[in-house]
Structure formats: C-alpha cells, structure tokens
2 protein chains.
Amino acid sequence: MVGGEGKRLHYERANLKTLARQLGLSPSTVSRALREHPGIPRTTRERVAAAAEAAGYRPNARARSLAIGRAEAIGLVFPLERLQLPETNFVDVLAGISTSVTARNYGLLLSPFADDEAAMLRRLASTKTVDGVIITRPLVDDPRIALLNGLGLPFVVHGRSEVEEPYSCVDTDNDNSFERLTSLLLDYGHRRIVAVNGLERFRYAAARAASFGRAFARRGLEPLPDAVEFVSMTEATGYETALRRLADAQPPTAFLCGSVFQARGVYRAIRERGLRIGEDISVVAHDDDVRGCNAASLSPPLTATSTSIREAGEELATMLIDLIEGRLEGPVRRILPFDLVMRDSVRLAPA
Amino acid sequence: MVGGEGKRLHYERANLKTLARQLGLSPSTVSRALREHPGIPRTTRERVAAAAEAAGYRPNARARSLAIGRAEAIGLVFPLERLQLPETNFVDVLAGISTSVTARNYGLLLSPFADDEAAMLRRLASTKTVDGVIITRPLVDDPRIALLNGLGLPFVVHGRSEVEEPYSCVDTDNDNSFERLTSLLLDYGHRRIVAVNGLERFRYAAARAASFGRAFARRGLEPLPDAVEFVSMTEATGYETALRRLADAQPPTAFLCGSVFQARGVYRAIRERGLRIGEDISVVAHDDDVRGCNAASLSPPLTATSTSIREAGEELATMLIDLIEGRLEGPVRRILPFDLVMRDSVRLAPA
DNA sequence: CTGAAAGCGCTAACAT
DNA sequence: ATGTTAGCGCTTTCAG
C-alpha cells in the first residue's frame, strides 16, 4: 500500500540552506535573489530562479512569517450559522473576498465562531495567525470595533457603525438608496408605504429607517405611524409581514423591501391575496445581486436599487491588505454607489 | 484619531519570555506548564495558567508551527467559481468542514484557484501553510491523487476515483443509491426511465450510470438505449433535458435525477407540458439536503434517497485531522449511508 | 521538577 | 555583489 516504484522519495527536503549549498551561495543571497532585491545581478538571479524552479522550492511560509512578522493571510470572522442559512448574501461576499485574496497572494483563514465572537477576535490577535480581519454585520453600537482597536489587530468592517472609534469600512450607500426608493414611490403618488426592513440593531437597518423617514420629511409628508417593519431578511418574513399588512384597515399601496429575499415573500403574499404586483400594489427593494436571487429574475421584474455585494467583498479584502501593507493610511471608508433600475413592479398609486 | 485615554498601549507584548520573566520561571517551564506536560506540579501549572490568562497570552501560532513542524490548519482547495454558482452543494460541505475544524481547534485555509489546481496544491505542499488538504469532485481518473501522494501532503477526497493510488475519502453511497432508486421505479412498473445524471467525467456520475444499468440487468431488463443523460447539476439543464425527452416518440414514464436542483427543472418541464408529477410522470432523485433545496420542499414532495452533505463535510475534516495527527492510519474510506424516503412523486406506471 | 541551549527556516541588518 | 550573524517566538532535547 505504501512504497512501490512510483513513489518519489524526498531524501533532502528543498529548503533555503540546501538550495544555497547546491548553488554554492549563501542562504541570504538566494533569499535576496528570489525576492528580487536590488543589487543582485541578473545572472545570479536567473541562476537561482532556475534552481528553485527545478527543485520545486518555495519558502516555508511559517518560517517566513516568523521572520518578517506577518502571516500574509487575513481572517474572515463570522457566526457559523451564516454558512447554514439558505438565504444569505454571505457567500457572495466570501466569493469577492476570495477573488482579491487570491489575486494578492494572501491566504484566507475562515474563522467561524459558535457563540463568542470576542473570544475569537482575541485569539486571532494573540496567536497572530492572520495580519488582519474582516468583520461583518455591524450593529448600530458595535463593541467589536473598540475591541479590535484595543487589540491592535488591523480590521475592516463590512458596513458601518455609529461608534466614535476610528475604523475602516466598505459599505453600500444604504442611506441614500432607501431614500431614493422612497422618493420614487412618493413620485408615483404612493403615501401608504410599508418598509420591510432588517432588524433594528443592525446599523444598516437603522440607517434605512432614517432615510425612509427623511424622504417623507423632505416633502412635508408623514409616513404611516407603523410604516417600518423590523424583521429578518428572509422570504418567509417578507411573506408574513406583507400578509399581515395587507389585512390592515387601510392596507399599503406599496412595499419597500430591504432585500430581494424579502421581496420574494412580499410578491407571494400579494399574489395570494389575489392582487397583481405593479397593477394593484407596487414593490421596490434594494438588491445585493446575490447569486440566484436578484431583482431582474422575479416576475414581474422588480424595480430596485442595486449594488454588487461581490464587489464589496473584493473591496474589503483589497482594503484590508493595503492597510496591512501600509499602502493605505487608515481609517478609510468606501461607500459603494448604487444604480436605480426601473423594472415593472411600480405603477402610479390609485387615485 | 489615534491616542486618547481610551487607548490601551502594549508596552511589552505578552510572549513566552516576558511571561516567564514575570513568573520568575524559564520559558521552557512555562511552555510545559501551558501544555500540561507531566512532571509539572499542579501548583506551578495553576500559577502559570492564571498569569497567562491575566496577560491574555496565547502562543504565537507562527512560532509554534515552526517549532512543532505543523501548522494546525487544513486547506480546502476548490475552483473559485464554485462560490459563485447559485446551485451548488459546496457551501453545505464547507459548513460541515467549518464545524469540525472549529471543534478541533484547527484553522481552515480557503484555497480557491482560478485555473491551475495542481499549482495550488504544489504551492500548499511546498510552503507548508497547511498540514493537509481536502479536495473535491474527483474525476473517474483523477490526477490529483497521484500528485498529492507524490508531494507527501496529507489529503482526503470528497468522493472516490478509480485510480490505483491509495487515498482516504468520504463519499455518499452513490452506487447503491442509484440502484435503489432505479429498482423502486422498476417495482412500480416503469421501464422507460430517463436518468438525468451528472457529467460523465466525474466518478460519482459514472458510478451512478453503472448502478442504473445494474438495476435493470438484475431483472434481466434493458434500459432505453439513450437512457442516461450526462448533464450539469442545475435546474436549467434538468428542465431542458426533461423537455427534450418528453418530446420523444416514446417519452419516458419516469425520471431519475442526480440532484434536487435537476429535479426542480424536471418538475417544471413536466408541468409545462401539461402533465402531472406523480400521476402522469414519476420522478425520483438523490438528495444531498442542500440548504434551501431539498426533496421535501418540492411540490409534490419528491421521493428521494437522502444523505446530509453537511455531515460529509464534518467527516472529511475530522478524518483529515485524525490522519494528520496520526490518530488514524490511512488510507481509510468512509461511505455514508442513505435513506430512501418515499414521498408523493412516484405512482405505478401506466399499463 | 526546572533551566540552558539548540534549532525550526527564513529574512535583514551589518559587514566586506 | 555576496557572506556572516542575529533573531523572529516557540518547543524540546539534554543536563542537573
């Protein structure tokens, strides 16, 4: 089972010392040649490169990390459940992060936690397994930011928080997108609008609720007293919420949804009540362009503000690595713009 | 922005040397106490533990790795696209792997590759960033297995291959599940059965095609000459395939699908042709119990063999870590059993 | 039971 | 242009 002629044996592992010996050079020269340091003549550099190639040599990452004081890896910290939910934009963010990390030749350490996120962050900081971390879904008042600043572990937040602490982040332009969507519905004459929003403790949901109110206020209008529903980002809650609100004495003429997941549920509820989307009830949403669940694929196609959550992921990793390598001076924040794409789910409000 | 009274400064980073100095002990004693080596009295062990706790000390993982020669991390190697596809069981496998890795206190390095998987494997082996890797979707004749054996990098395969090389793996019992499903349809009198299978180059699809034929052969029956369709695992191909086959001169009376994704498409095609699932055309499938897409959630509920792909993920990581730590002697293979769950998508064939 | 010392494989400051 | 040396922070013989 083991052995046999096909087996290549490694009598001498390719490391810097052996490689240097083969070349009749010192380890440091070889190291410098490989890293293309200035002051190494082309000839030796090429000779070294060829030998390394032939030997299949790559510097041992653990030794290199220890020597340079960096791991050349970043961590993504998240609750394990996010990988288990069918409806989440997490995987799309992850895809974006992966892309950038690969392009920059860094490692990506997945760091899921069962319940104690702070413990995970402390652990990553003290073990120095990674040079920095990405954290997600910030709360209005998020304690992780102060913690990470205190730990001295570089980090980037996907989203924003209202804390005083400095931090770098990448976020969608939530504030303006909800205001824009609300304005659109107001332009179309809608007044009884229900906003199916995310959970209030998350900053993005709080910001969206504020923008929603602002759009009304700008025109001297008042939203319904219970216009904003703070619920989770799923089809099921979109459905339940819409069904409940459609039974109101004065049912809404339009829904504004925080995600396409919710919008799907809202669509289903409207249909089930025998109403037509667009014709009878207008629907708009913010669209993260999640794989397999975007506004264009609904029927009728859903009018929505859209951003690519994948790009947010790419940007997060790029920013963090730039911060780590000192190419960027923190804190820096990047707010990704959105497009408002008109489709068929909005009509003028009934007179 | 920097500075201010809230800022905790680390005048002396907590490392083994400083911790030892504080305790009036040598680094080696502290190290041993922390690792609970025998021959350290309880009293000092507790004293050390308390001091470490207070200082928030954790051994630097890079230094420890270098010293012990292991990274205490594993890698998951996969094509980047798998994170971008809306229909994939990959995320569920990942969730399972994450669970085990976290439980075992290992790190999980995500190692997506753009096109050259062999290069990625070589790189992981030579840089020694991880102690072992998980590879997925093995081909009938998969070159990665010989490569990894040659590189001496421990690995576990999700699935099997037909190569002679030794390797450890975790797999669903594909062979028997397809045979069981085929037998079920034959019991119900179906003879014109179309198998909507995966792509032929993957071993699981080849094995399933063989099992399908075996079920017929066992009864002295012959499948349709073009009974097996080797197509990708998506709703769209399930739909196209079924639509095409339903237009045959002698259309099938039953479909056997490789995944619930495909089954969904088959359902849609049958409906579109004005036929009833179950009543007019029977459908069965293998169900990996992917988040948001399982057999029970279709309507009518789909009769299927089922296994938890998440459990496969857990098993993969556990096995790899056991192999790395020498708790397990490779090669070892674990074939996960399945349940055949009868639901409403199968009826007796028309006489 | 504890300490001193060597070494994991690399990089970088300091020679020359 | 290259070599020598020290050191990253830990574990682990080997001594005592």
# chains A, B, ... in the order shown; residues from 1 in each chain; ligands from 1

call {"tool": "calpha_fit_rmsd", "arguments": {"fixed": "chain B", "moving": "chain A"}}
result
0.1 Å

call {"tool": "select_by_dssp", "arguments": {"residues": "region 126-226 of chain A", "states": "helix (DSSP H, G or I)", "output": "JSON list (two decimals) with N, CA and C atoms, in the first residue's frame"}}
result
[["chain", "number", "residue", "atom", "x", "y", "z"],
["A", 126, "SER", "N", -3.99, 37.41, 19.45],
["A", 126, "SER", "CA", -2.85, 36.98, 20.27],
["A", 126, "SER", "C", -2.03, 35.88, 19.60],
["A", 127, "THR", "N", -2.67, 35.03, 18.83],
["A", 127, "THR", "CA", -1.89, 33.98, 18.16],
["A", 127, "THR", "C", -1.22, 34.50, 16.89],
["A", 143, "PRO", "N", -19.56, 46.76, 19.64],
["A", 143, "PRO", "CA", -18.43, 46.68, 20.58],
["A", 143, "PRO", "C", -17.16, 46.11, 19.96],
["A", 144, "ARG", "N", -17.28, 45.44, 18.83],
["A", 144, "ARG", "CA", -16.10, 44.80, 18.24],
["A", 144, "ARG", "C", -15.06, 45.82, 17.79],
["A", 145, "ILE", "N", -15.54, 47.00, 17.42],
["A", 145, "ILE", "CA", -14.62, 48.00, 16.89],
["A", 145, "ILE", "C", -13.65, 48.49, 17.95],
["A", 146, "ALA", "N", -14.19, 48.79, 19.12],
["A", 146, "ALA", "CA", -13.31, 49.21, 20.22],
["A", 146, "ALA", "C", -12.39, 48.06, 20.62],
["A", 147, "LEU", "N", -12.94, 46.88, 20.63],
["A", 147, "LEU", "CA", -12.14, 45.71, 21.00],
["A", 147, "LEU", "C", -10.94, 45.55, 20.06],
["A", 148, "LEU", "N", -11.21, 45.61, 18.78],
["A", 148, "LEU", "CA", -10.13, 45.42, 17.80],
["A", 148, "LEU", "C", -9.12, 46.55, 17.84],
["A", 149, "ASN", "N", -9.59, 47.75, 18.01],
["A", 149, "ASN", "CA", -8.65, 48.86, 18.15],
["A", 149, "ASN", "C", -7.76, 48.63, 19.37],
["A", 150, "GLY", "N", -8.38, 48.17, 20.45],
["A", 150, "GLY", "CA", -7.61, 47.90, 21.66],
["A", 150, "GLY", "C", -6.59, 46.78, 21.46],
["A", 151, "LEU", "N", -6.98, 45.78, 20.70],
["A", 151, "LEU", "CA", -6.09, 44.65, 20.46],
["A", 151, "LEU", "C", -4.98, 45.00, 19.48],
["A", 174, "ASN", "N", -26.45, 52.66, 1.80],
["A", 174, "ASN", "CA", -27.79, 52.33, 2.31],
["A", 174, "ASN", "C", -28.68, 53.52, 2.52],
["A", 175, "ASP", "N", -28.10, 54.55, 3.10],
["A", 175, "ASP", "CA", -28.88, 55.72, 3.44],
["A", 175, "ASP", "C", -29.56, 56.26, 2.20],
["A", 176, "ASN", "N", -28.74, 56.55, 1.22],
["A", 176, "ASN", "CA", -29.33, 57.15, 0.03],
["A", 176, "ASN", "C", -30.17, 56.19, -0.79],
["A", 177, "SER", "N", -29.86, 54.90, -0.76],
["A", 177, "SER", "CA", -30.66, 54.01, -1.60],
["A", 177, "SER", "C", -32.09, 53.93, -1.08],
["A", 178, "PHE", "N", -32.25, 53.86, 0.23],
["A", 178, "PHE", "CA", -33.61, 53.80, 0.75],
["A", 178, "PHE", "C", -34.35, 55.12, 0.53],
["A", 179, "GLU", "N", -33.62, 56.20, 0.62],
["A", 179, "GLU", "CA", -34.27, 57.48, 0.40],
["A", 179, "GLU", "C", -34.72, 57.59, -1.06],
["A", 180, "ARG", "N", -33.87, 57.10, -1.93],
["A", 180, "ARG", "CA", -34.17, 57.15, -3.37],
["A", 180, "ARG", "C", -35.40, 56.30, -3.70],
["A", 181, "LEU", "N", -35.44, 55.10, -3.12],
["A", 181, "LEU", "CA", -36.57, 54.21, -3.37],
["A", 181, "LEU", "C", -37.86, 54.80, -2.83],
["A", 182, "THR", "N", -37.77, 55.40, -1.66],
["A", 182, "THR", "CA", -38.95, 56.02, -1.06],
["A", 182, "THR", "C", -39.44, 57.17, -1.93],
["A", 183, "SER", "N", -38.49, 57.99, -2.38],
["A", 183, "SER", "CA", -38.85, 59.12, -3.24],
["A", 183, "SER", "C", -39.55, 58.65, -4.50],
["A", 184, "LEU", "N", -39.04, 57.56, -5.04],
["A", 184, "LEU", "CA", -39.64, 57.04, -6.26],
["A", 184, "LEU", "C", -41.11, 56.70, -6.02],
["A", 185, "LEU", "N", -41.36, 56.01, -4.93],
["A", 185, "LEU", "CA", -42.74, 55.64, -4.63],
["A", 185, "LEU", "C", -43.59, 56.88, -4.38],
["A", 186, "LEU", "N", -43.02, 57.88, -3.71],
["A", 186, "LEU", "CA", -43.76, 59.13, -3.46],
["A", 186, "LEU", "C", -44.05, 59.83, -4.78],
["A", 187, "ASP", "N", -43.07, 59.83, -5.68],
["A", 187, "ASP", "CA", -43.29, 60.43, -7.01],
["A", 187, "ASP", "C", -44.46, 59.77, -7.71],
["A", 203, "ARG", "N", -26.90, 48.38, 12.02],
["A", 203, "ARG", "CA", -26.80, 49.77, 11.62],
["A", 203, "ARG", "C", -27.44, 50.03, 10.25],
["A", 204, "TYR", "N", -27.27, 49.09, 9.33],
["A", 204, "TYR", "CA", -27.82, 49.34, 8.00],
["A", 204, "TYR", "C", -29.33, 49.50, 8.06],
["A", 205, "ALA", "N", -29.96, 48.72, 8.92],
["A", 205, "ALA", "CA", -31.42, 48.79, 9.02],
["A", 205, "ALA", "C", -31.85, 50.10, 9.68],
["A", 206, "ALA", "N", -31.11, 50.49, 10.70],
["A", 206, "ALA", "CA", -31.42, 51.75, 11.37],
["A", 206, "ALA", "C", -31.26, 52.91, 10.39],
["A", 207, "ALA", "N", -30.18, 52.87, 9.62],
["A", 207, "ALA", "CA", -29.93, 53.94, 8.65],
["A", 207, "ALA", "C", -31.03, 53.99, 7.59],
["A", 208, "ARG", "N", -31.46, 52.82, 7.18],
["A", 208, "ARG", "CA", -32.50, 52.78, 6.17],
["A", 208, "ARG", "C", -33.83, 53.33, 6.70],
["A", 209, "ALA", "N", -34.12, 52.99, 7.94],
["A", 209, "ALA", "CA", -35.35, 53.51, 8.53],
["A", 209, "ALA", "C", -35.30, 55.03, 8.56],
["A", 210, "ALA", "N", -34.15, 55.58, 8.91],
["A", 210, "ALA", "CA", -33.99, 57.03, 8.97],
["A", 210, "ALA", "C", -34.16, 57.64, 7.58],
["A", 211, "SER", "N", -33.57, 57.01, 6.57],
["A", 211, "SER", "CA", -33.67, 57.56, 5.21],
["A", 211, "SER", "C", -35.11, 57.55, 4.72],
["A", 212, "PHE", "N", -35.79, 56.50, 5.11],
["A", 212, "PHE", "CA", -37.19, 56.37, 4.72],
["A", 212, "PHE", "C", -37.97, 57.57, 5.26],
["A", 213, "GLY", "N", -37.77, 57.85, 6.54],
["A", 213, "GLY", "CA", -38.43, 59.00, 7.16],
["A", 213, "GLY", "C", -38.02, 60.31, 6.51],
["A", 214, "ARG", "N", -36.76, 60.41, 6.18],
["A", 214, "ARG", "CA", -36.23, 61.64, 5.60],
["A", 214, "ARG", "C", -36.90, 61.95, 4.26],
["A", 215, "ALA", "N", -37.12, 60.90, 3.47],
["A", 215, "ALA", "CA", -37.74, 61.12, 2.16],
["A", 215, "ALA", "C", -39.14, 61.72, 2.31],
["A", 216, "PHE", "N", -39.86, 61.23, 3.30],
["A", 216, "PHE", "CA", -41.18, 61.80, 3.58],
["A", 216, "PHE", "C", -41.04, 63.25, 4.05],
["A", 217, "ALA", "N", -40.14, 63.43, 5.01],
["A", 217, "ALA", "CA", -39.98, 64.75, 5.63],
["A", 217, "ALA", "C", -39.61, 65.81, 4.60],
["A", 218, "ARG", "N", -38.77, 65.46, 3.66],
["A", 218, "ARG", "CA", -38.35, 66.39, 2.61],
["A", 218, "ARG", "C", -39.54, 66.99, 1.86]]

call {"tool": "interface_residues", "arguments": {"of": "chain C", "to": "chain A", "cutoff": "6 Å", "atoms": "only C-alpha atoms (C1' of nucleotides)", "output": "list in words"}}
result
DG9, DC10 and DT11 of chain C

call {"tool": "select_by_dssp", "arguments": {"residues": "region 161-258 of chain A", "states": "strand (DSSP E or B)", "output": "PyMOL selection string"}}
result
chain A and resi 168-172+193-197+202+228-230+254-257

call {"tool": "atom_distance", "arguments": {"atom1": "CA of Leu23 (chain A)", "atom2": "CA of Thr129 (chain B)"}}
result
25.8 Å

call {"tool": "residues_around", "arguments": {"residues": "Asp116 (chain B)", "least_positions_apart": "3", "cutoff": "12 Å", "atoms": "only C-alpha atoms (C1' of nucleotides)", "output": "PyMOL selection string"}}
result
chain B and resi 77-80+111-113+119-123+144

call {"tool": "write_last_selection", "arguments": {"atoms": "C-alpha atoms", "output": "compact mmCIF listing (two decimals), in the first residue's frame"}}
result
# COMPACT_ATOMS: atom_id res chain seq x y z
CA VAL B 77 -8.94 23.56 -2.42
CA PHE B 78 -11.64 24.39 -4.95
CA PRO B 79 -12.27 26.31 -8.16
CA LEU B 80 -13.33 29.86 -7.40
CA SER B 111 -7.68 27.94 -1.16
CA PRO B 112 -9.62 28.81 -4.26
CA PHE B 113 -7.81 28.60 -7.56
CA ALA B 119 -0.07 24.63 -9.00
CA MET B 120 -2.14 25.46 -5.94
CA LEU B 121 -1.56 22.02 -4.47
CA ARG B 122 2.17 22.20 -5.12
CA ARG B 123 2.26 25.57 -3.52
CA ARG B 144 -4.57 15.00 -8.18

call {"tool": "closest_residue", "arguments": {"among": "B:Arg13, B:Arg276, B:Arg334, B:Arg191", "to": "chain A", "atoms": "only C-alpha atoms"}}
result
B:Arg13

call {"tool": "residues_around", "arguments": {"residues": "DA13 (chain C)", "least_positions_apart": "6", "cutoff": "12 Å", "atoms": "only C-alpha atoms (C1' of nucleotides)", "output": "number ranges by chain"}}
result
A: 28; D: 4-7

call {"tool": "write_last_selection", "arguments": {"atoms": "N, CA and C atoms (P, O5', C5', C4', C3', O3' and C1' of nucleotides)", "output": "short mmCIF file (atom, residue, chain, number, x, y, z; two decimals), in the first residue's frame"}}
result
data_model
loop_
_atom_site.label_atom_id
_atom_site.label_comp_id
_atom_site.auth_asym_id
_atom_site.auth_seq_id
_atom_site.Cartn_x
_atom_site.Cartn_y
_atom_site.Cartn_z
N SER A 28 21.39 33.79 2.37
CA SER A 28 20.87 35.15 2.25
C SER A 28 20.89 35.63 0.80
P DT D 4 30.28 33.07 5.06
"O5'" DT D 4 30.40 33.95 6.37
"C5'" DT D 4 30.71 35.33 6.33
"C4'" DT D 4 30.34 35.96 7.68
"C3'" DT D 4 29.92 34.99 8.78
"O3'" DT D 4 30.39 35.50 10.02
"C1'" DT D 4 28.14 36.47 8.34
P DT D 5 30.12 34.72 11.40
"O5'" DT D 5 28.81 35.48 11.88
"C5'" DT D 5 28.85 36.90 12.00
"C4'" DT D 5 27.55 37.41 12.61
"C3'" DT D 5 27.00 36.53 13.73
"O3'" DT D 5 26.69 37.38 14.83
"C1'" DT D 5 25.31 36.95 12.11
P DA D 6 26.26 36.76 16.22
"O5'" DA D 6 24.82 37.41 16.37
"C5'" DA D 6 24.59 38.71 15.81
"C4'" DA D 6 23.10 38.96 15.71
"C3'" DA D 6 22.29 38.35 16.86
"O3'" DA D 6 21.34 39.33 17.24
"C1'" DA D 6 21.44 37.56 14.81
P DG D 7 20.52 39.13 18.58
"O5'" DG D 7 19.07 38.84 18.01
"C5'" DG D 7 18.51 39.69 17.03
"C4'" DG D 7 17.27 39.03 16.48
"C3'" DG D 7 16.46 38.27 17.55
"O3'" DG D 7 15.11 38.62 17.41
"C1'" DG D 7 16.87 36.89 15.72
#

call {"tool": "atom_distance", "arguments": {"atom1": "CA of Glu329 (chain A)", "atom2": "CA of Leu109 (chain A)"}}
result
23.7 Å

call {"tool": "residues_around", "arguments": {"residues": "Met342 (chain A)", "least_positions_apart": "2", "cutoff": "8 Å", "atoms": "only C-alpha atoms (C1' of nucleotides)", "output": "VMD selection string"}}
result
chain A and resid 302 to 304 340 344

call {"tool": "interface_residues", "arguments": {"of": "chain D", "to": "chain A", "cutoff": "8 Å", "atoms": "only C-alpha atoms (C1' of nucleotides)", "output": "list in words"}}
result
DA1, DT2, DG3, DC8 and DG9 of chain D

call {"tool": "closest_residue", "arguments": {"among": "A:Asn197, A:Gln262, A:Gln250, A:Asn294", "to": "Thr234 (chain A)", "atoms": "only C-alpha atoms"}}
result
A:Gln262

call {"tool": "residues_around", "arguments": {"residues": "Ser161 (chain B)", "least_positions_apart": "4", "cutoff": "7 Å", "atoms": "only C-alpha atoms (C1' of nucleotides)", "output": "list in words"}}
result
Pro138, Leu139, Val140, Asp141, Asp142 and Arg203 of chain B

call {"tool": "closest_residue", "arguments": {"among": "A:Leu76, A:Val194, A:Ala247, A:Val91", "to": "chain B", "atoms": "only C-alpha atoms"}}
result
A:Val91

call {"tool": "closest_residue", "arguments": {"among": "B:Leu199, B:Leu19, B:Ile134, B:Cys293", "to": "chain A", "atoms": "only C-alpha atoms"}}
result
B:Cys293

call {"tool": "residues_around", "arguments": {"residues": "DG16 (chain D)", "least_positions_apart": "4", "cutoff": "12 Å", "atoms": "only C-alpha atoms (C1' of nucleotides)", "output": "list in words"}}
result
DC1, DT2, DG3 and DA4 of chain C

call {"tool": "write_last_selection", "arguments": {"atoms": "C-alpha atoms (C1' of nucleotides)", "output": "tab-separated table (two decimals), in the first residue's frame"}}
result
chain	number	residue	atom	x	y	z
C	1	DC	C1'	10.98	19.38	38.93
C	2	DT	C1'	13.35	23.16	36.38
C	3	DG	C1'	16.79	25.56	33.36
C	4	DA	C1'	20.09	26.17	29.49

call {"tool": "decode", "arguments": {"residues": "region 306-317 of chain B", "atoms": "N, CA and C atoms", "output": "compact mmCIF listing (two decimals), in the first residue's frame"}}
result
# COMPACT_ATOMS: atom_id res chain seq x y z
N SER B 306 -31.60 10.08 0.53
CA SER B 306 -31.00 11.29 1.04
C SER B 306 -29.87 11.05 2.01
N THR B 307 -28.90 11.93 1.95
CA THR B 307 -27.79 11.93 2.90
C THR B 307 -27.54 13.40 3.21
N SER B 308 -26.87 13.65 4.33
CA SER B 308 -26.57 15.02 4.67
C SER B 308 -25.17 15.34 4.18
N ILE B 309 -25.10 16.23 3.22
CA ILE B 309 -23.80 16.61 2.66
C ILE B 309 -23.00 17.39 3.70
N ARG B 310 -23.70 18.01 4.62
CA ARG B 310 -23.05 18.72 5.70
C ARG B 310 -22.26 17.75 6.58
N GLU B 311 -22.88 16.60 6.85
CA GLU B 311 -22.19 15.57 7.63
C GLU B 311 -20.96 15.07 6.90
N ALA B 312 -21.06 14.97 5.60
CA ALA B 312 -19.89 14.55 4.82
C ALA B 312 -18.76 15.54 5.06
N GLY B 313 -19.11 16.82 5.08
CA GLY B 313 -18.10 17.85 5.34
C GLY B 313 -17.47 17.68 6.71
N GLU B 314 -18.31 17.44 7.70
CA GLU B 314 -17.79 17.25 9.06
C GLU B 314 -16.84 16.08 9.10
N GLU B 315 -17.26 15.01 8.45
CA GLU B 315 -16.46 13.78 8.44
C GLU B 315 -15.12 13.99 7.72
N LEU B 316 -15.16 14.73 6.63
CA LEU B 316 -13.94 15.00 5.86
C LEU B 316 -12.88 15.67 6.72
N ALA B 317 -13.30 16.71 7.42
CA ALA B 317 -12.33 17.46 8.21
C ALA B 317 -11.84 16.63 9.39
